[in-house]
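coords_5.txt follows (compact mmCIF, C-alpha atoms):
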```txt
# COMPACT_ATOMS: atom_id res chain seq x y z
CA MET G 7 118.80 64.90 36.56
CA GLY G 8 116.55 65.79 33.64
CA GLU G 9 118.48 63.35 31.48
CA VAL G 10 117.78 60.42 33.75
CA ILE G 11 114.08 61.19 33.64
CA ASN G 12 114.07 61.73 29.87
CA SER G 13 115.85 58.48 29.23
CA SER G 14 113.48 56.65 31.58
CA ILE G 15 110.16 58.02 30.44
CA GLU G 16 109.65 55.56 27.56
CA GLY G 17 110.57 52.60 29.75
CA TYR G 18 108.29 53.89 32.52
CA LYS G 19 105.44 54.32 30.04
CA ASP G 20 105.79 50.73 28.87
CA LEU G 21 105.88 49.38 32.42
CA LEU G 22 102.85 51.46 33.39
CA LYS G 23 100.89 50.36 30.33
CA SER G 24 101.68 46.72 30.95
CA PHE G 25 100.71 47.01 34.61
CA ILE G 26 97.43 48.81 33.93
CA GLU G 27 96.49 46.10 31.41
CA THR G 28 97.64 42.97 33.22
CA GLN G 29 98.78 43.90 36.77
CA ASP G 30 101.83 41.70 36.22
CA GLU G 31 104.64 41.19 38.72
CA ARG G 32 107.29 41.85 36.08
CA SER G 33 106.36 45.49 35.60
CA LEU G 34 106.31 45.97 39.37
CA TYR G 35 109.82 44.59 39.53
CA GLY G 36 110.82 46.86 36.64
CA VAL G 37 109.54 49.99 38.36
CA GLU G 38 111.28 48.97 41.56
CA MET G 39 114.61 48.84 39.71
CA MET G 40 113.86 52.21 38.20
CA SER G 41 113.13 53.74 41.62
CA LYS G 42 116.48 52.54 42.86
CA SER G 43 118.26 54.25 40.01
CA PHE G 44 116.25 57.47 40.65
CA LEU G 45 117.35 57.42 44.26
CA LYS G 46 120.96 56.99 43.22
CA ASN G 47 120.66 59.97 40.86
CA ASN G 48 118.97 62.18 43.48
CA ILE G 49 115.73 62.43 41.52
CA LEU G 50 113.13 64.42 43.47
CA PRO G 51 109.74 62.89 44.26
CA GLU G 52 107.90 65.54 42.21
CA GLU G 53 109.94 64.67 39.13
CA ILE G 54 108.70 61.11 39.34
CA VAL G 55 105.09 62.29 39.72
CA ASP G 56 105.60 64.66 36.78
CA MET G 57 106.90 61.77 34.68
CA HIS G 58 103.91 59.69 35.69
CA ILE G 59 101.55 62.47 34.56
CA GLN G 60 103.31 62.73 31.19
CA ALA G 61 103.22 58.98 30.65
CA LEU G 62 99.57 58.77 31.64
CA GLU G 63 98.56 61.61 29.27
CA GLU G 64 100.45 60.04 26.39
CA LEU G 65 98.88 56.65 26.97
CA TYR G 66 95.36 57.95 27.59
CA PRO G 67 94.81 61.32 25.89
CA GLU G 68 91.12 61.11 26.76
CA LEU G 69 91.74 61.25 30.53
CA SER G 70 88.99 62.99 32.52
CA GLN G 71 89.56 66.52 33.85
CA GLU G 72 89.09 65.26 37.40
CA VAL G 73 91.94 62.79 37.10
CA LYS G 74 94.17 65.43 35.44
CA HIS G 75 93.49 67.95 38.23
CA SER G 76 94.06 65.34 40.87
CA MET G 77 97.43 64.48 39.34
CA ASN G 78 98.50 68.14 39.38
CA PHE G 79 97.32 68.37 42.95
CA LEU G 80 99.55 65.44 43.84
CA LEU G 81 102.43 67.13 42.00
CA GLU G 82 102.11 70.25 44.18
CA ALA G 83 101.99 68.15 47.31
CA MET G 84 105.15 66.36 46.27
CA ILE G 85 106.99 69.64 45.61
CA SER G 86 106.54 70.80 49.21
CA TYR G 87 107.41 67.34 50.42
CA GLY G 88 110.57 67.29 48.30
CA ILE G 89 111.77 70.66 49.64
CA LYS G 90 111.38 69.53 53.26
CA GLN G 91 113.08 66.26 52.51
CA GLN G 92 116.07 68.04 51.00
CA GLU G 93 116.36 70.25 54.07
CA ILE G 94 116.44 67.20 56.28
CA GLN G 95 119.05 65.59 54.07
CA SER G 96 121.31 68.62 54.26
CA LEU G 97 120.90 68.79 58.06
CA LYS G 98 121.86 65.15 58.29
CA GLU G 99 125.02 65.82 56.32
CA LYS G 100 125.91 68.78 58.56
CA GLN G 101 125.24 66.72 61.66
CA PHE G 102 127.51 64.01 60.37
CA ALA G 103 130.29 66.54 59.77
CA ILE G 104 129.93 67.93 63.31
CA GLN G 105 129.94 64.47 64.78
CA SER G 106 133.15 63.52 63.07
CA GLU G 107 134.76 66.73 64.30
CA ILE G 108 133.68 65.93 67.85
CA SER G 109 135.08 62.46 67.61
CA VAL G 110 138.40 63.91 66.45
CA ALA G 111 138.29 66.26 69.46
CA ALA G 112 137.50 63.34 71.77
CA LYS G 113 140.45 61.36 70.44
CA MET G 114 142.69 64.37 70.90
CA GLN G 115 141.40 64.84 74.41
CA ASN G 116 142.33 61.26 75.24
CA THR G 117 145.83 61.74 73.90
CA LEU G 118 146.41 65.12 75.55
CA LEU G 119 145.02 64.14 78.91
CA LYS G 120 146.47 60.68 79.13
CA THR G 121 147.55 59.79 82.65
CA GLU G 122 148.76 56.57 84.17
CA ILE G 123 147.76 55.24 87.53
CA PRO G 124 151.06 55.10 89.39
CA GLN G 125 152.36 51.94 90.99
CA ALA G 126 153.37 52.73 94.52
CA LYS G 127 154.47 50.77 97.50
CA GLY G 128 151.90 50.27 100.19
CA ILE G 129 149.02 51.97 98.39
CA ASP G 130 146.58 50.48 95.91
CA ILE G 131 144.98 52.94 93.48
CA GLY G 132 141.97 52.50 91.21
CA ALA G 133 140.40 55.06 88.86
CA ILE G 134 137.55 55.16 86.34
CA SER G 135 136.13 58.02 84.30
CA VAL G 136 133.23 57.52 81.92
CA PRO G 137 131.91 60.46 79.87
CA ALA G 138 128.15 60.92 79.44
CA HIS G 139 128.71 61.98 75.83
CA GLN G 140 131.70 61.83 73.54
CA LEU G 141 133.75 64.46 75.35
CA ASN G 142 134.55 64.13 79.01
CA GLY G 143 134.06 67.15 81.29
CA ASP G 144 135.62 65.24 84.17
CA TYR G 145 139.29 64.77 84.52
CA TYR G 146 141.81 63.06 86.73
CA HIS G 147 145.54 63.20 86.71
CA PHE G 148 148.33 61.50 88.63
CA VAL G 149 151.84 62.76 89.25
CA LYS G 150 154.55 60.73 90.90
CA GLY G 151 157.23 62.74 92.64
CA LYS G 152 160.87 61.74 93.09
CA ASP G 153 160.37 60.84 96.74
CA ASP G 154 157.47 58.51 95.78
CA THR G 155 154.90 61.10 96.77
CA ILE G 156 151.79 60.69 94.67
CA GLY G 157 149.94 63.78 93.51
CA LEU G 158 146.38 63.39 92.35
CA ALA G 159 143.91 65.81 90.82
CA ILE G 160 140.21 65.12 90.23
CA ALA G 161 138.23 67.82 88.47
CA ASP G 162 134.90 68.64 86.90
CA VAL G 163 134.78 71.37 84.30
CA ILE G 164 131.46 73.16 84.22
CA GLY G 165 130.46 74.16 80.76
CA LYS G 166 130.61 70.94 78.79
CA GLY G 167 131.77 69.96 75.37
CA ILE G 168 134.65 71.26 73.35
CA PRO G 169 135.45 74.40 75.44
CA ALA G 170 135.62 72.23 78.57
CA ALA G 171 137.92 69.75 76.88
CA LEU G 172 140.24 72.51 75.74
CA SER G 173 140.45 74.20 79.12
CA MET G 174 141.20 70.86 80.71
CA SER G 175 144.42 70.51 78.75
CA MET G 176 145.37 73.97 80.00
CA ILE G 177 144.94 72.74 83.58
CA LYS G 178 146.93 69.61 82.96
CA TYR G 179 149.88 71.45 81.48
CA ALA G 180 149.79 74.03 84.27
CA ILE G 181 149.98 71.23 86.85
CA ASP G 182 152.77 69.52 84.94
CA SER G 183 154.80 72.72 84.97
CA TYR G 184 154.76 72.99 88.77
CA PRO G 185 157.66 71.63 90.79
CA GLU G 186 155.43 68.98 92.31
CA GLU G 187 157.47 67.94 95.36
CA SER G 188 157.86 71.44 96.64
CA MET G 189 154.25 72.50 96.31
CA LYS G 190 151.45 72.00 98.75
CA PRO G 191 147.91 71.15 97.53
CA ASN G 192 146.46 74.48 98.63
CA VAL G 193 149.20 76.40 96.82
CA ILE G 194 148.62 74.36 93.67
CA LEU G 195 144.91 75.25 93.78
CA GLU G 196 145.67 78.91 94.42
CA ASN G 197 147.91 78.96 91.34
CA LEU G 198 145.42 77.07 89.19
CA ASN G 199 142.67 79.45 90.26
CA ARG G 200 144.63 82.37 88.85
CA VAL G 201 145.24 80.49 85.59
CA VAL G 202 141.55 79.62 85.22
CA GLU G 203 140.28 83.03 86.30
CA ARG G 204 142.45 84.81 83.76
CA ASN G 205 142.03 82.48 80.83
CA VAL G 206 138.59 80.99 80.94
CA ASP G 207 135.26 82.33 79.79
CA PRO G 208 133.15 83.80 82.70
CA ASN G 209 130.55 81.06 82.29
CA MET G 210 132.99 78.33 82.98
CA PHE G 211 134.45 77.17 86.23
CA ILE G 212 136.21 74.12 87.52
CA THR G 213 135.82 72.18 90.74
CA MET G 214 138.84 70.22 91.88
CA ILE G 215 140.41 68.29 94.69
CA TYR G 216 144.16 68.13 94.74
CA ALA G 217 145.68 65.50 97.03
CA GLN G 218 149.16 64.27 97.86
CA TYR G 219 149.95 60.97 99.46
CA SER G 220 153.32 60.54 101.08
CA PRO G 221 154.39 56.94 101.70
CA ARG G 222 156.97 58.16 104.19
CA ASP G 223 154.49 59.21 106.86
CA ASN G 224 151.34 57.59 105.33
CA LYS G 225 149.65 60.95 105.28
CA LEU G 226 147.24 62.28 102.73
CA ARG G 227 147.16 66.04 102.38
CA PHE G 228 144.45 67.61 100.27
CA SER G 229 142.62 70.80 99.38
CA SER G 230 139.32 71.32 97.63
CA ALA G 231 138.12 73.99 95.25
CA GLY G 232 134.36 73.58 95.54
CA HIS G 233 134.50 69.92 94.61
CA GLU G 234 132.05 67.18 95.55
CA PRO G 235 133.19 65.88 98.96
CA GLY G 236 134.98 62.55 99.08
CA PHE G 237 134.87 59.87 101.78
CA TYR G 238 137.31 58.39 104.27
CA TYR G 239 136.99 54.80 105.36
CA ASN G 240 138.42 53.95 108.75
CA ALA G 241 139.13 50.20 108.63
CA LYS G 242 139.58 49.77 112.37
CA GLU G 243 136.18 51.24 113.14
CA ASN G 244 134.66 50.00 109.86
CA LYS G 245 133.20 53.47 109.35
CA PHE G 246 132.83 55.88 106.43
CA THR G 247 132.89 59.63 106.94
CA GLU G 248 132.38 62.45 104.48
CA LEU G 249 135.46 64.59 103.92
CA LYS G 250 134.02 68.01 104.69
CA THR G 251 136.06 70.71 103.00
CA LYS G 252 135.76 74.41 102.29
CA GLY G 253 136.91 76.28 99.21
CA LEU G 254 135.55 78.17 96.25
CA ALA G 255 135.47 76.62 92.78
CA LEU G 256 138.32 77.64 90.45
CA GLY G 257 137.73 80.59 88.16
CA VAL G 258 135.04 82.45 90.10
CA LEU G 259 137.14 85.10 91.88
CA GLY G 260 140.68 86.31 91.31
CA ASN G 261 142.41 85.85 94.64
CA VAL G 262 141.31 82.87 96.66
CA GLN G 263 142.98 81.07 99.54
CA TYR G 264 142.52 77.38 100.09
CA GLN G 265 142.78 75.32 103.23
CA GLU G 266 144.88 72.19 103.53
CA TYR G 267 143.45 69.12 105.22
CA MET G 268 145.33 66.07 106.39
CA LEU G 269 144.52 62.54 107.36
CA GLU G 270 146.60 59.53 108.24
CA MET G 271 145.99 56.32 106.36
CA LYS G 272 146.37 53.17 108.42
CA PRO G 273 146.38 49.66 106.96
CA GLY G 274 143.05 48.88 105.27
CA ASP G 275 141.91 52.53 105.26
CA MET G 276 140.48 53.99 102.08
CA VAL G 277 139.93 57.40 100.58
CA ILE G 278 137.29 57.84 97.89
CA PHE G 279 137.15 60.78 95.51
CA LEU G 280 134.34 61.26 93.01
CA THR G 281 132.47 63.75 90.83
CA ASP G 282 128.81 64.78 90.93
CA GLY G 283 128.06 62.30 88.14
CA VAL G 284 128.22 59.68 90.88
CA THR G 285 126.18 61.48 93.55
CA GLU G 286 123.54 62.66 91.09
CA THR G 287 122.62 59.17 90.01
CA LYS G 288 118.88 58.67 89.74
CA ASP G 289 117.15 55.51 90.82
CA GLN G 290 113.50 55.02 89.85
CA GLY G 291 113.04 58.73 89.25
CA ARG G 292 114.55 60.01 92.49
CA PHE G 293 118.08 61.02 93.33
CA ILE G 294 120.02 58.62 95.49
CA GLU G 295 121.01 59.69 98.98
CA THR G 296 124.64 60.18 99.98
CA GLN G 297 124.54 57.00 102.02
CA GLU G 298 123.41 55.06 98.98
CA VAL G 299 126.54 56.12 97.14
CA LEU G 300 128.40 54.13 99.76
CA ASP G 301 126.31 50.96 99.36
CA PRO G 302 128.25 49.51 96.41
CA ILE G 303 131.54 50.78 97.86
CA LYS G 304 130.87 48.81 101.05
CA LYS G 305 129.77 45.84 99.02
CA TYR G 306 133.00 45.63 97.04
CA LYS G 307 135.44 46.94 99.64
CA ASP G 308 137.47 43.74 99.75
CA LEU G 309 138.35 43.80 96.05
CA SER G 310 141.41 45.56 94.65
CA ALA G 311 141.01 49.33 94.15
CA GLN G 312 140.72 49.03 90.37
CA GLU G 313 138.19 46.18 90.57
CA MET G 314 136.23 48.24 93.08
CA VAL G 315 135.83 51.32 90.89
CA GLU G 316 134.78 49.17 87.94
CA HIS G 317 132.23 47.19 89.96
CA VAL G 318 130.81 50.35 91.53
CA PHE G 319 130.33 51.88 88.09
CA LYS G 320 128.57 48.72 86.86
CA TYR G 321 126.38 48.73 89.95
CA PHE G 322 125.10 52.25 89.18
CA GLU G 323 124.77 51.47 85.50
CA GLN G 324 122.45 48.58 86.31
CA LEU G 325 120.15 50.65 88.51
CA GLN G 326 116.72 50.93 87.05
CA ASP G 327 116.23 54.20 85.20
CA PHE G 328 119.97 54.91 85.24
CA LYS G 329 120.56 57.73 82.82
CA ARG G 330 124.02 59.12 82.82
CA ARG G 331 123.41 62.79 82.29
CA ASP G 332 126.77 63.72 83.73
CA ASP G 333 130.26 62.33 83.43
CA PHE G 334 131.14 59.75 86.05
CA THR G 335 134.55 59.65 87.75
CA LEU G 336 135.60 57.63 90.77
CA ILE G 337 139.02 57.22 92.36
CA ILE G 338 139.82 54.94 95.28
CA LEU G 339 143.04 54.88 97.30
CA LYS G 340 143.51 51.85 99.54
CA LYS G 341 146.23 51.56 102.11
CA GLU G 342 147.51 48.03 101.85
CA VAL G 343 147.31 45.79 104.89
CA MET I 17 113.05 68.21 81.36
CA GLU I 18 111.71 71.70 81.10
CA LEU I 19 112.21 75.07 82.70
CA ASN I 20 109.58 77.77 82.94
CA ILE I 21 110.82 81.30 83.39
CA ASP I 22 108.33 83.89 84.53
CA ILE I 23 109.50 87.48 84.91
CA VAL I 24 107.59 90.19 86.75
CA GLU I 25 109.00 93.71 86.42
CA GLU I 26 108.43 96.05 89.33
CA ARG I 27 109.99 99.44 89.96
CA ASN I 28 113.79 98.89 90.07
CA LYS I 29 113.13 95.25 90.73
CA SER I 30 112.76 92.13 88.62
CA VAL I 31 111.30 88.99 90.11
CA VAL I 32 112.22 85.85 88.22
CA ARG I 33 110.18 82.79 89.07
CA LEU I 34 111.63 79.53 87.94
CA SER I 35 110.01 76.13 87.84
CA GLY I 36 111.41 72.91 86.50
CA GLU I 37 114.96 71.73 86.02
CA ILE I 38 118.08 73.76 85.33
CA ASP I 39 120.52 71.60 83.44
CA VAL I 40 122.70 71.62 80.37
CA TYR I 41 119.62 71.83 78.12
CA THR I 42 117.70 74.61 79.89
CA ALA I 43 120.63 76.70 81.21
CA PRO I 44 121.08 78.67 77.93
CA GLN I 45 117.43 79.89 78.10
CA LEU I 46 117.90 81.01 81.69
CA LYS I 47 121.10 82.84 80.83
CA GLU I 48 119.43 84.64 77.95
CA LYS I 49 116.63 85.94 80.19
CA LEU I 50 118.57 86.52 83.42
CA LEU I 51 121.68 88.31 82.21
CA PRO I 52 119.98 91.39 80.68
CA LEU I 53 118.21 92.00 84.01
CA THR I 54 121.55 92.17 85.86
CA LYS I 55 122.86 94.68 83.33
CA MET I 56 120.40 97.37 84.41
CA THR I 57 122.22 99.61 86.89
CA GLY I 58 120.56 99.72 90.28
CA ASN I 59 118.17 96.91 89.44
CA GLU I 60 117.38 94.35 92.11
CA VAL I 61 117.07 90.87 90.63
CA GLU I 62 115.32 88.32 92.80
CA VAL I 63 115.29 84.73 91.58
CA ASP I 64 112.64 82.57 93.21
CA MET I 65 113.77 78.96 93.03
CA GLU I 66 111.05 77.33 95.10
CA PHE I 67 109.86 75.16 92.22
CA VAL I 68 113.27 74.22 90.87
CA SER I 69 113.43 70.47 91.36
CA TYR I 70 116.91 69.99 90.01
CA MET I 71 119.94 72.08 89.20
CA ASP I 72 123.28 70.81 87.98
CA SER I 73 126.59 72.59 87.74
CA THR I 74 125.75 74.09 84.34
CA GLY I 75 123.00 76.01 86.14
CA LEU I 76 125.58 77.29 88.62
CA GLY I 77 127.59 78.59 85.68
CA VAL I 78 124.65 80.81 84.74
CA PHE I 79 124.40 82.22 88.29
CA ILE I 80 128.14 82.87 88.35
CA SER I 81 128.00 84.90 85.16
CA ALA I 82 124.91 86.70 86.49
CA LEU I 83 126.82 87.53 89.69
CA LYS I 84 129.81 88.81 87.74
CA SER I 85 127.54 90.90 85.56
CA SER I 86 125.65 92.36 88.54
CA ASN I 87 128.96 93.31 90.20
CA GLU I 88 130.08 95.05 87.02
CA ASN I 89 126.79 96.88 86.53
CA SER I 90 126.02 97.73 90.18
CA SER I 91 122.82 95.75 90.26
CA LYS I 92 121.82 93.26 92.94
CA LEU I 93 121.28 89.55 92.62
CA LYS I 94 119.51 87.41 95.14
CA MET I 95 118.29 83.83 95.04
CA ILE I 96 115.41 82.90 97.33
CA ASN I 97 113.49 79.80 98.41
CA LEU I 98 116.29 77.37 97.74
CA SER I 99 115.45 73.75 98.45
CA ASP I 100 118.00 71.60 100.27
CA ARG I 101 119.09 69.90 97.09
CA VAL I 102 119.57 73.14 95.20
CA TYR I 103 121.29 74.79 98.16
CA ARG I 104 123.69 71.86 98.40
CA VAL I 105 125.07 72.63 94.92
CA PHE I 106 125.80 76.26 95.91
CA ASN I 107 127.24 75.09 99.21
CA ILE I 108 129.65 72.47 97.87
CA THR I 109 131.12 74.82 95.30
CA GLY I 110 131.74 77.45 97.97
CA LEU I 111 129.43 79.91 96.21
CA HIS I 112 127.18 80.31 99.27
CA GLU I 113 129.91 82.49 100.76
CA ILE I 114 129.90 85.00 97.93
CA MET I 115 126.25 84.92 96.84
CA ASP I 116 123.09 86.26 98.42
CA LEU I 117 121.06 83.13 99.07
CA GLU I 118 117.96 82.48 101.10
CA ARG I 119 116.93 78.91 101.84
CA ILE I 120 113.33 77.87 101.85
CA ASN I 121 111.61 78.62 105.14
CA LYS I 122 111.01 75.25 106.69
CA VAL I 123 109.05 76.60 109.67
CA GLU I 124 106.20 77.68 107.44
CA ARG I 125 105.91 74.34 105.68
```

Output the structure of this file as structure tokens.
Amino acid sequence: MGEVINSSIEGYKDLLKSFIETQDERSLYGVEMMSKSFLKNNILPEEIVDMHIQALEELYPELSQEVKHSMNFLLEAMISYGIKQQEIQSLKEKQFAIQSEISVAAKMQNTLLKTEIPQAKGIDIGAISVPAHQLNGDYYHFVKGKDDTIGLAIADVIGKGIPAALSMSMIKYAIDSYPEESMKPNVILENLNRVVERNVDPNMFITMIYAQYSPRDNKLRFSSAGHEPGFYYNAKENKFTELKTKGLALGVLGNVQYQEYMLEMKPGDMVIFLTDGVTETKDQGRFIETQEVLDPIKKYKDLSAQEMVEHVFKYFEQLQDFKRRDDFTLIILKKEV
Amino acid sequence: MELNIDIVEERNKSVVRLSGEIDVYTAPQLKEKLLPLTKMTGNEVEVDMEFVSYMDSTGLGVFISALKSSNENSSKLKMINLSDRVYRVFNITGLHEIMDLERINKVER
């Protein structure tokens, strides 16, 4: 660094002299070029001030004491300024490193947790999950059994960020290892609860609904582990009802029993599953009411399931004051007419 | 988004008054203050949530670890003056069945 300054001082002195005498544009341009090269060489602000003082004293040895003191005063000010600036620079570099690590984790999360919406006869399925930040604390997963039964998990991991993302893969691989056709939703949750309780940090817990749809009898069986309640739409009566369920979140206690619920889906009926990112939407500073969650769902109910979830998300996104502070996940199952 | 935590120590009892929002940003502060109180054997920890306007699931995580810690250390944990919105979060997650909760008294209001 010293070398850059030493090799510049004569040039700087000439530019300064010429500017003091004539205030010409050319010397301004010259000093601008010089500043750029200082920046490139990480020259500190106080080094530039120091160089200025040297140049000034060489050009005008008769400088008044007041001016000399004032220049040293400026030098001290620049030293403190330079230290702070370097701290900020190093924080920025660290932040950048962390951000790239998170984006690697996010990419890995997408690969590990990849799931495809199954194509199934008689039932139309749509799903959307949008993270509030880079990593998603929500999760959904579909399994298609041999007899065309569709298994579906929707979950919200509490405790966000990287730990949540990691524990989610644990859940997914646990589900994948179960003999899906032979297991009931409540048994799956009971098993998962033991996995989570044993392996996850005491701060973290997971809420989940596990559901199975069987095309043979058009029945949806489901159990909930403390998850945000979903909705059932009865097409014949054109009525939505909340799916009231009981069950403790996964990972809180060791041995928990879950209840199984069942409903029959008739042509045109819908089941809606979601996470609290949907119900905790704010509109003009207040939280929306449960019924308001249903407004866009009613509005778009004649679209296909996938178009519905996308339009509902856009609807909330366009609300005034919409700040997504939580991940947003919505799944709709529609019994075809 | 801010959370004020005010702790009054009485004999064998700590009263924690909260006001503001408990979310992903403020939950770590709450955990830091609340957990040591549950580690004192025989201590009764009462958390007054009357002025908590919002709590998300990260806040629940703090109360779950506080509950676990109070079970391990034979202290007591109780949450009082829960508003409907705050109570709903405990209720949905099934925690109302294993925690000592007292909803806000509507008759008095």

Original post:
Residues of chain I within 6 Å of chain G, using only C-alpha atoms, as a list in words?
Top reply: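 On the chain I side, the interface is Thr74, Gly77, Ser81, Ile108, Thr109 and Gly110 of chain I.
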
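Among I:Glu60, I:Leu53, I:Ser73, I:Leu83, the residue with the shortest atom-to-atom distance to Asp39 in chain I, counting all atoms listed in the file, is I:Ser73.
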
**OP:** Mind checking which residues fall within 12 Å of Arg27 in chain I, counting only C-alpha atoms, ignoring those fewer than 5 positions away in the same chain, and posting them as JSON, numbers by chain?
**Re:** {"I": [56, 58, 59, 60, 61]}

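Neighbouring residues of Glu18 in chain I at 9 Å or closer, counting only C-alpha atoms and skipping chain neighbours under 6 positions away, are Ser35, Gly36, Glu37, Ile38, Tyr41 and Thr42 of chain I.
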
Test item: axis-aligned box, all listed atoms of range 63-72 of chain I, 3 Å on each side, centre and edges in Å rounded to one decimal, as AutoDock Vina command-line options:
```
--center_x 116.6 --center_y 77.4 --center_z 91.5 --size_x 19.4 --size_y 20.7 --size_z 13.1
```

Using the incomplete input, complete range 94-105 of chain I to the level of N, CA and C atoms; output as a PDB file, in the frame of the given file.
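The result, stored in out_39.pdb:
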```
ATOM      1  N   LYS I  94     119.846  88.190  93.959  1.00  0.00           N
ATOM      2  CA  LYS I  94     119.510  87.410  95.140  1.00  0.00           C
ATOM      3  C   LYS I  94     118.708  86.177  94.734  1.00  0.00           C
ATOM      4  N   MET I  95     119.054  85.038  95.317  1.00  0.00           N
ATOM      5  CA  MET I  95     118.290  83.830  95.040  1.00  0.00           C
ATOM      6  C   MET I  95     117.509  83.453  96.296  1.00  0.00           C
ATOM      7  N   ILE I  96     116.212  83.220  96.137  1.00  0.00           N
ATOM      8  CA  ILE I  96     115.410  82.900  97.330  1.00  0.00           C
ATOM      9  C   ILE I  96     114.698  81.560  97.195  1.00  0.00           C
ATOM     10  N   ASN I  97     114.236  81.058  98.335  1.00  0.00           N
ATOM     11  CA  ASN I  97     113.490  79.800  98.410  1.00  0.00           C
ATOM     12  C   ASN I  97     114.242  78.592  97.831  1.00  0.00           C
ATOM     13  N   LEU I  98     115.494  78.492  98.226  1.00  0.00           N
ATOM     14  CA  LEU I  98     116.290  77.370  97.740  1.00  0.00           C
ATOM     15  C   LEU I  98     115.957  76.089  98.513  1.00  0.00           C
ATOM     16  N   SER I  99     115.673  75.037  97.796  1.00  0.00           N
ATOM     17  CA  SER I  99     115.450  73.750  98.450  1.00  0.00           C
ATOM     18  C   SER I  99     116.800  73.190  98.897  1.00  0.00           C
ATOM     19  N   ASP I 100     116.751  72.184  99.753  1.00  0.00           N
ATOM     20  CA  ASP I 100     118.000  71.600 100.270  1.00  0.00           C
ATOM     21  C   ASP I 100     118.900  71.116  99.145  1.00  0.00           C
ATOM     22  N   ARG I 101     118.296  70.462  98.164  1.00  0.00           N
ATOM     23  CA  ARG I 101     119.090  69.900  97.090  1.00  0.00           C
ATOM     24  C   ARG I 101     119.756  70.990  96.237  1.00  0.00           C
ATOM     25  N   VAL I 102     119.004  72.045  95.985  1.00  0.00           N
ATOM     26  CA  VAL I 102     119.570  73.140  95.200  1.00  0.00           C
ATOM     27  C   VAL I 102     120.627  73.894  96.010  1.00  0.00           C
ATOM     28  N   TYR I 103     120.332  74.084  97.307  1.00  0.00           N
ATOM     29  CA  TYR I 103     121.290  74.790  98.160  1.00  0.00           C
ATOM     30  C   TYR I 103     122.608  74.028  98.248  1.00  0.00           C
ATOM     31  N   ARG I 104     122.499  72.709  98.281  1.00  0.00           N
ATOM     32  CA  ARG I 104     123.690  71.860  98.400  1.00  0.00           C
ATOM     33  C   ARG I 104     124.695  72.152  97.279  1.00  0.00           C
ATOM     34  N   VAL I 105     124.186  72.364  96.060  1.00  0.00           N
ATOM     35  CA  VAL I 105     125.070  72.630  94.920  1.00  0.00           C
ATOM     36  C   VAL I 105     125.828  73.952  95.101  1.00  0.00           C
TER      37      VAL I 105
END
```
